[in-house]
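> Below are the structure tokens for one structure; questions will follow.
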Amino acid sequence: MFTRHVNVTNNNSGYDVKVGRGLFENIGVEISNLNFKSHVLTPDGLKFAVITDSNVGELYLETCIKSLREYGDAAAVIFNAGEASKNINTFGQILEGLAANKLTRGDLIIALGGGVVGDMAGFAAGCYMRGIKFIQVPTSLLAAVDSSVGGKTAIDLTAGKNLAGLFYQPELVLCDIDLLKSLPEIEMQCGMAEALKTGILRGDDLFKFFENGNARENLDEVIALCVDYKAGVVERDEREQGERKLLNLGHTIGHAIELCSNYEIKHGLAIAQGMKIINKIAFRLGLSSQETFNRIDKALNNFNFDFNLNFKAEELFNAILADKKRKGDVITLVLPVEIGACELKDVNINALPALLELGLMREE
Ligand SMILES: NC(=O)c1ccc[n+]([C@@H]2O[C@H](COP(=O)([O-])OP(=O)(O)OC[C@H]3O[C@@H](n4cnc5c(N)ncnc54)[C@H](O)[C@@H]3O)[C@@H](O)[C@H]2O)c1
Ligand SMILES: [Zn+2]
């Protein structure tokens, strides 16, 4: 098992991310080892609320509840799987569900699922009774390598994605890689795109698996290296004032592609496409070498993704303009200038159309 402690100010002593196999069926034991186990000894026992979605609940809820019940009462709050549920209505239902199960401040929420569950359960934990403790049990690869670590929580609003939320850190992240066995292939690929993003940011020790096309065969190590990288970034920049923005590599253009496709194109494919384009931009601006460009491009081509999406620079530009999170006229791009040394660059939005043209231009 790999354990990475994350030191954050948002949570007194920080928390562990545990990555391994066979951890999930003993989730109760893992929780009883946390430093607030005194609650287990109170006459009422600790109460747990497992928040999960319909797909993951079907597969794993029973095992989870069984293990938890050895330590206290356990209830479940389940919502329909999918990004479409990540809204204020479902969020309200989750809070009502917690209250109906009489959860109190000394109790614990378990976010069992992918990034959608993690983001919503984390937000609910941060709001319910002004904050109760929670743990993340990521079940998708994307959640394992990215969203379960770092304390960003959110729901989507009509005006855009992730527009309401908190920075709220978990007490523990329990990542059991065996849970990924049931993950649909397309979700696996999307998670791999985020892991490749981390590889480009982190450097050769992780990137090599994507370059050699053997990331799947080395899944445990890939996840551990991603978690370790993300934990480091979060420790240095918990609230995304600077370095944490690097994690947006491929995302400015990726989000625009998602929007242009009316969210028919999955996030992982969209950011893979975003990385393709930004890699070209960095190279054509003379910021990266031919070798760096080729290595990243080859790693992206190892995916079974269709990279021939026919969006025009103007469409992508308009989608970027519509991004509600944009600050004024400046947008921060993450440029892959070197593997293991990406750079943030603030550009005026007026400069973007030309950059997008550069990134979309085909080889002569
Ligand atoms: N908080 C952060 O730092 C952060 C970072 C990146 C992404 N996100 C958010 O994460 C979300 C995307 O996460 P996601 O890709 O995990 O989506 P998701 O949670 O919707 O999971 C994808 C699909 O896989 C299913 N699934 C999950 N685990 C499974 C398993 N083990 N077996 C079978 N099916 C399983 C889910 O039910 C769902 O249908 C987005 O909302 C995004 O905004 C958050
Ligand atoms: Zn992403």
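Following the order of the structure tokens, first chain is A, next is B, and so on, with residues numbered from 1 inside each chain and ligands from 1 in the order they appear.
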Show me, as a short mmCIF file (atom, residue, chain, number, x, y, z; two decimals) with C-alpha atoms, in the first residue's frame, the residues that have an atom within 10 Å of Met275 (chain A) when counting only C-alpha atoms, minus same-chain residues fewer than 3 positions from it.

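Writing done, so here's result.cif:
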```
data_model
loop_
_atom_site.label_atom_id
_atom_site.label_comp_id
_atom_site.auth_asym_id
_atom_site.auth_seq_id
_atom_site.Cartn_x
_atom_site.Cartn_y
_atom_site.Cartn_z
CA ALA A 193 -6.17 11.41 -19.94
CA LEU A 196 -1.29 11.75 -18.62
CA LYS A 197 -1.86 15.42 -17.83
CA ILE A 200 3.36 15.94 -18.43
CA ASN A 248 -5.58 23.06 -15.69
CA LEU A 249 -3.23 21.89 -18.45
CA GLY A 250 -5.41 21.23 -21.50
CA HIS A 251 -8.47 22.45 -19.61
CA THR A 252 -9.10 25.96 -20.98
CA ILE A 253 -9.46 24.60 -24.50
CA GLY A 254 -10.88 21.30 -23.20
CA LEU A 269 -11.46 13.31 -24.38
CA ALA A 270 -12.01 17.06 -24.38
CA ILE A 271 -8.93 17.72 -22.26
CA ALA A 272 -6.88 15.24 -24.30
CA ILE A 278 -1.92 23.60 -26.46
CA ASN A 279 1.08 21.35 -27.21
CA LYS A 280 1.02 22.65 -30.79
CA ILE A 281 0.64 26.22 -29.61
CA ILE A 296 3.65 14.60 -25.80
CA ASP A 297 1.90 14.15 -29.13
CA LEU A 300 -1.69 11.39 -26.64
CA VAL A 334 -0.70 26.32 -19.04
CA LEU A 335 2.03 25.76 -21.60
CA PRO A 336 3.84 22.41 -21.86
CA GLY A 359 -3.05 25.22 -32.38
#
```
> For ligand 1, list the contacting residues at 6 Å or closer, counting only C-alpha atoms and all ligand atoms, as a ChimeraX atom specification.
/A:53,55-56,81-83,113-117,119,139-140,142-143,146-147,152-153,179-180,182-183
> Can I get the selected residues back with N, CA and C atoms, as a PDB file, in the first residue's frame?

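So the final result, stored in again10.pdb, reads:
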```pdb
ATOM      1  N   ASP A  53     -23.786   7.284  -5.969  1.00  0.00           N
ATOM      2  CA  ASP A  53     -24.723   7.386  -7.090  1.00  0.00           C
ATOM      3  C   ASP A  53     -25.317   6.021  -7.414  1.00  0.00           C
ATOM      4  N   ASN A  55     -25.169   3.966  -9.965  1.00  0.00           N
ATOM      5  CA  ASN A  55     -24.296   2.902 -10.498  1.00  0.00           C
ATOM      6  C   ASN A  55     -23.384   2.320  -9.433  1.00  0.00           C
ATOM      7  N   VAL A  56     -22.720   3.192  -8.729  1.00  0.00           N
ATOM      8  CA  VAL A  56     -21.745   2.739  -7.732  1.00  0.00           C
ATOM      9  C   VAL A  56     -22.478   2.093  -6.544  1.00  0.00           C
ATOM     10  N   ALA A  81     -26.837   8.568 -11.222  1.00  0.00           N
ATOM     11  CA  ALA A  81     -25.476   8.764 -11.701  1.00  0.00           C
ATOM     12  C   ALA A  81     -25.444   9.776 -12.841  1.00  0.00           C
ATOM     13  N   GLY A  82     -24.344  10.508 -12.924  1.00  0.00           N
ATOM     14  CA  GLY A  82     -24.117  11.390 -14.074  1.00  0.00           C
ATOM     15  C   GLY A  82     -23.951  12.846 -13.704  1.00  0.00           C
ATOM     16  N   GLU A  83     -23.234  13.564 -14.562  1.00  0.00           N
ATOM     17  CA  GLU A  83     -22.958  14.994 -14.333  1.00  0.00           C
ATOM     18  C   GLU A  83     -24.258  15.802 -14.227  1.00  0.00           C
ATOM     19  N   GLY A 113     -17.751   7.084  -4.697  1.00  0.00           N
ATOM     20  CA  GLY A 113     -18.065   7.230  -6.115  1.00  0.00           C
ATOM     21  C   GLY A 113     -16.988   7.964  -6.877  1.00  0.00           C
ATOM     22  N   GLY A 114     -17.370   8.416  -8.082  1.00  0.00           N
ATOM     23  CA  GLY A 114     -16.446   9.160  -8.930  1.00  0.00           C
ATOM     24  C   GLY A 114     -16.420  10.621  -8.530  1.00  0.00           C
ATOM     25  N   GLY A 115     -15.952  11.458  -9.460  1.00  0.00           N
ATOM     26  CA  GLY A 115     -15.792  12.882  -9.162  1.00  0.00           C
ATOM     27  C   GLY A 115     -17.100  13.591  -8.878  1.00  0.00           C
ATOM     28  N   VAL A 116     -18.184  13.125  -9.484  1.00  0.00           N
ATOM     29  CA  VAL A 116     -19.474  13.780  -9.248  1.00  0.00           C
ATOM     30  C   VAL A 116     -19.908  13.570  -7.790  1.00  0.00           C
ATOM     31  N   VAL A 117     -19.816  12.346  -7.333  1.00  0.00           N
ATOM     32  CA  VAL A 117     -20.157  12.060  -5.928  1.00  0.00           C
ATOM     33  C   VAL A 117     -19.211  12.813  -5.003  1.00  0.00           C
ATOM     34  N   ASP A 119     -17.422  15.525  -5.434  1.00  0.00           N
ATOM     35  CA  ASP A 119     -17.626  16.978  -5.413  1.00  0.00           C
ATOM     36  C   ASP A 119     -18.890  17.349  -4.631  1.00  0.00           C
ATOM     37  N   THR A 139     -14.014   5.926  -6.789  1.00  0.00           N
ATOM     38  CA  THR A 139     -14.252   4.664  -7.503  1.00  0.00           C
ATOM     39  C   THR A 139     -14.006   4.795  -8.996  1.00  0.00           C
ATOM     40  N   SER A 140     -13.768   6.019  -9.478  1.00  0.00           N
ATOM     41  CA  SER A 140     -13.394   6.178 -10.892  1.00  0.00           C
ATOM     42  C   SER A 140     -11.915   6.527 -10.935  1.00  0.00           C
ATOM     43  N   LEU A 142     -10.553   8.880 -12.661  1.00  0.00           N
ATOM     44  CA  LEU A 142     -10.421  10.337 -12.568  1.00  0.00           C
ATOM     45  C   LEU A 142     -10.432  10.784 -11.105  1.00  0.00           C
ATOM     46  N   ALA A 143     -11.335  10.217 -10.325  1.00  0.00           N
ATOM     47  CA  ALA A 143     -11.410  10.584  -8.913  1.00  0.00           C
ATOM     48  C   ALA A 143     -10.156  10.122  -8.171  1.00  0.00           C
ATOM     49  N   ASP A 146      -7.168  12.423  -9.352  1.00  0.00           N
ATOM     50  CA  ASP A 146      -7.318  13.868  -9.361  1.00  0.00           C
ATOM     51  C   ASP A 146      -8.313  14.383  -8.318  1.00  0.00           C
ATOM     52  N   SER A 147      -9.613  14.159  -8.552  1.00  0.00           N
ATOM     53  CA  SER A 147     -10.600  14.932  -7.795  1.00  0.00           C
ATOM     54  C   SER A 147     -10.716  14.589  -6.310  1.00  0.00           C
ATOM     55  N   LYS A 152     -11.248  20.350  -3.259  1.00  0.00           N
ATOM     56  CA  LYS A 152     -12.165  21.199  -4.037  1.00  0.00           C
ATOM     57  C   LYS A 152     -13.499  20.482  -4.130  1.00  0.00           C
ATOM     58  N   THR A 153     -14.569  21.173  -3.787  1.00  0.00           N
ATOM     59  CA  THR A 153     -15.903  20.585  -3.869  1.00  0.00           C
ATOM     60  C   THR A 153     -16.784  21.537  -4.669  1.00  0.00           C
ATOM     61  N   LEU A 179     -11.577  -1.459  -6.995  1.00  0.00           N
ATOM     62  CA  LEU A 179     -12.910  -0.929  -7.340  1.00  0.00           C
ATOM     63  C   LEU A 179     -12.973  -0.468  -8.795  1.00  0.00           C
ATOM     64  N   LEU A 180     -11.823  -0.201  -9.384  1.00  0.00           N
ATOM     65  CA  LEU A 180     -11.808   0.294 -10.774  1.00  0.00           C
ATOM     66  C   LEU A 180     -12.104  -0.821 -11.786  1.00  0.00           C
ATOM     67  N   SER A 182     -14.649  -2.506 -12.258  1.00  0.00           N
ATOM     68  CA  SER A 182     -15.994  -2.431 -12.853  1.00  0.00           C
ATOM     69  C   SER A 182     -16.208  -1.148 -13.650  1.00  0.00           C
ATOM     70  N   LEU A 183     -15.199  -0.294 -13.706  1.00  0.00           N
ATOM     71  CA  LEU A 183     -15.359   1.001 -14.381  1.00  0.00           C
ATOM     72  C   LEU A 183     -15.468   0.800 -15.896  1.00  0.00           C
TER      73      LEU A 183
END
```
> Set the distance at 8 Å and use only C-alpha atoms: which residues neighbour Thr52 (chain A) once local chain neighbours fewer than 3 positions away are removed? I'd like the list as an MDAnalysis selection string.
chainID A and resid 56:57 61 76:79 111:113 117
> Quick one: residues within 12 Å of Val8 (chain A), only C-alpha atoms counted, chain neighbours fewer than 6 positions away excluded, as a list in words?
Gly14, Tyr15, Asp16, Val149, Gly150, Gly151, Phe167, Tyr168, Gln169, Pro170, Glu171, Ala231, Gly232, Val233, Val234, Glu235, Arg236, Asp237, Glu238 and Arg239 of chain A
> For the selection just defined, write its residues with C-alpha atoms to a file, as a PDB file, in the first residue's frame.

```pdb
ATOM      1  CA  GLY A  14      -3.831  17.070   7.329  1.00  0.00           C
ATOM      2  CA  TYR A  15      -4.922  13.696   6.057  1.00  0.00           C
ATOM      3  CA  ASP A  16      -3.702  10.485   4.494  1.00  0.00           C
ATOM      4  CA  VAL A 149      -7.350  14.786  -3.363  1.00  0.00           C
ATOM      5  CA  GLY A 150      -7.174  18.478  -2.620  1.00  0.00           C
ATOM      6  CA  GLY A 151     -10.484  19.498  -1.105  1.00  0.00           C
ATOM      7  CA  PHE A 167     -12.442  24.280  -0.380  1.00  0.00           C
ATOM      8  CA  TYR A 168     -13.123  21.588   2.203  1.00  0.00           C
ATOM      9  CA  GLN A 169     -10.610  18.852   2.913  1.00  0.00           C
ATOM     10  CA  PRO A 170     -11.467  15.231   3.751  1.00  0.00           C
ATOM     11  CA  GLU A 171     -10.209  13.285   6.782  1.00  0.00           C
ATOM     12  CA  ALA A 231      -0.766  16.318  -2.921  1.00  0.00           C
ATOM     13  CA  GLY A 232       2.446  18.315  -3.325  1.00  0.00           C
ATOM     14  CA  VAL A 233       0.759  20.971  -5.440  1.00  0.00           C
ATOM     15  CA  VAL A 234      -2.136  21.244  -2.990  1.00  0.00           C
ATOM     16  CA  GLU A 235       0.249  21.595  -0.039  1.00  0.00           C
ATOM     17  CA  ARG A 236       2.077  24.436  -1.746  1.00  0.00           C
ATOM     18  CA  ASP A 237      -1.016  26.190  -3.095  1.00  0.00           C
ATOM     19  CA  GLU A 238      -4.146  25.026  -1.330  1.00  0.00           C
ATOM     20  CA  ARG A 239      -6.429  27.719  -2.735  1.00  0.00           C
TER      21      ARG A 239
END
```
> Between A:Leu259, A:Leu157, A:Val173, A:Ala351, which has the minimum distance to Gly20 (chain A) (counting only C-alpha atoms)?
A:Val173
> Smallest atom-to-atom distance to ligand 2: which of A:Ala195, A:Ile331, A:Ile349, A:Cys175, using only C-alpha atoms and all ligand atoms?
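Looking only at the distances to ligand 2, the closest residue turns out to be A:Ala195.
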> From region 69-188 of chain A, collect each residue whose DSSP state is strand (DSSP E or B) and return the set as JSON, numbers by chain.
{"A": [72, 73, 74, 75, 76, 77, 78, 79, 108, 109, 110, 111, 112, 113, 133, 134, 135, 136, 137, 138, 152, 155, 156, 157, 160, 161, 162, 163, 164, 167, 172, 173, 174, 175, 176]}
> Can I get the selection written as a tab-separated table (two decimals), in the first residue's frame, with N, CA and C atoms?

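selection.tsv, freshly written:
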```tsv
chain	number	residue	atom	x	y	z
A	72	GLY	N	-20.80	1.46	13.88
A	72	GLY	CA	-21.86	2.43	14.15
A	72	GLY	C	-22.99	2.28	13.15
A	73	ASP	N	-24.00	3.07	13.36
A	73	ASP	CA	-25.14	3.09	12.45
A	73	ASP	C	-24.73	3.60	11.08
A	74	ALA	N	-25.25	3.02	10.02
A	74	ALA	CA	-24.88	3.53	8.70
A	74	ALA	C	-26.12	3.69	7.82
A	75	ALA	N	-26.28	4.88	7.25
A	75	ALA	CA	-27.39	5.16	6.34
A	75	ALA	C	-26.82	5.48	4.96
A	76	ALA	N	-27.68	5.52	3.94
A	76	ALA	CA	-27.20	5.83	2.59
A	76	ALA	C	-28.05	6.91	1.95
A	77	VAL	N	-27.41	7.77	1.17
A	77	VAL	CA	-28.11	8.75	0.35
A	77	VAL	C	-27.64	8.52	-1.08
A	78	ILE	N	-28.59	8.17	-1.96
A	78	ILE	CA	-28.22	7.78	-3.32
A	78	ILE	C	-28.89	8.71	-4.33
A	79	PHE	N	-28.15	9.12	-5.35
A	79	PHE	CA	-28.76	9.94	-6.41
A	79	PHE	C	-28.43	9.34	-7.78
A	108	LEU	N	-19.99	11.12	10.44
A	108	LEU	CA	-19.05	11.09	9.31
A	108	LEU	C	-19.76	10.78	8.00
A	109	ILE	N	-19.39	11.53	6.97
A	109	ILE	CA	-19.91	11.27	5.62
A	109	ILE	C	-18.87	10.50	4.82
A	110	ILE	N	-19.33	9.53	4.06
A	110	ILE	CA	-18.44	8.79	3.17
A	110	ILE	C	-18.87	9.06	1.74
A	111	ALA	N	-17.98	9.68	0.95
A	111	ALA	CA	-18.27	9.94	-0.46
A	111	ALA	C	-17.79	8.75	-1.25
A	112	LEU	N	-18.73	7.90	-1.67
A	112	LEU	CA	-18.37	6.66	-2.36
A	112	LEU	C	-18.74	6.81	-3.85
A	113	GLY	N	-17.75	7.08	-4.70
A	113	GLY	CA	-18.06	7.23	-6.11
A	113	GLY	C	-16.99	7.96	-6.88
A	133	LYS	N	-17.32	16.06	9.27
A	133	LYS	CA	-16.16	15.39	8.67
A	133	LYS	C	-16.60	14.45	7.55
A	134	PHE	N	-15.70	14.27	6.59
A	134	PHE	CA	-16.01	13.33	5.51
A	134	PHE	C	-14.76	12.65	4.99
A	135	ILE	N	-14.96	11.49	4.37
A	135	ILE	CA	-13.84	10.83	3.70
A	135	ILE	C	-14.21	10.55	2.25
A	136	GLN	N	-13.19	10.48	1.42
A	136	GLN	CA	-13.38	10.21	0.00
A	136	GLN	C	-13.01	8.76	-0.29
A	137	VAL	N	-13.91	8.06	-0.97
A	137	VAL	CA	-13.59	6.73	-1.47
A	137	VAL	C	-13.78	6.78	-3.00
A	138	PRO	N	-12.73	7.17	-3.73
A	138	PRO	CA	-12.85	7.32	-5.18
A	138	PRO	C	-13.06	5.98	-5.86
A	152	LYS	N	-11.25	20.35	-3.26
A	152	LYS	CA	-12.16	21.20	-4.04
A	152	LYS	C	-13.50	20.48	-4.13
A	155	ILE	N	-20.82	22.15	-7.04
A	155	ILE	CA	-21.94	21.72	-7.88
A	155	ILE	C	-21.97	22.67	-9.09
A	156	ASP	N	-22.69	22.25	-10.13
A	156	ASP	CA	-22.85	23.09	-11.33
A	156	ASP	C	-24.07	23.99	-11.15
A	157	LEU	N	-24.02	25.16	-11.73
A	157	LEU	CA	-25.19	26.04	-11.80
A	157	LEU	C	-25.61	26.16	-13.27
A	160	GLY	N	-23.01	27.67	-15.49
A	160	GLY	CA	-21.75	26.99	-15.80
A	160	GLY	C	-21.39	25.94	-14.78
A	161	LYS	N	-20.31	25.22	-15.12
A	161	LYS	CA	-19.87	24.10	-14.26
A	161	LYS	C	-19.13	24.58	-13.02
A	162	ASN	N	-19.33	23.87	-11.93
A	162	ASN	CA	-18.56	24.08	-10.69
A	162	ASN	C	-18.62	25.51	-10.17
A	163	LEU	N	-19.75	26.17	-10.34
A	163	LEU	CA	-19.80	27.59	-9.95
A	163	LEU	C	-20.11	27.81	-8.47
A	164	ALA	N	-20.58	26.79	-7.76
A	164	ALA	CA	-20.78	26.94	-6.32
A	164	ALA	C	-20.05	25.82	-5.61
A	167	PHE	N	-13.65	25.06	-0.62
A	167	PHE	CA	-12.44	24.28	-0.38
A	167	PHE	C	-12.70	23.60	0.96
A	172	LEU	N	-9.71	11.58	5.17
A	172	LEU	CA	-8.98	10.42	4.64
A	172	LEU	C	-9.43	10.23	3.20
A	173	VAL	N	-8.52	9.80	2.34
A	173	VAL	CA	-8.90	9.35	1.01
A	173	VAL	C	-8.50	7.88	0.93
A	174	LEU	N	-9.49	7.03	0.72
A	174	LEU	CA	-9.23	5.60	0.68
A	174	LEU	C	-9.44	5.13	-0.76
A	175	CYS	N	-8.33	4.89	-1.43
A	175	CYS	CA	-8.41	4.55	-2.85
A	175	CYS	C	-8.08	3.07	-3.05
A	176	ASP	N	-9.13	2.29	-3.27
A	176	ASP	CA	-8.95	0.85	-3.49
A	176	ASP	C	-8.99	0.59	-5.00
```
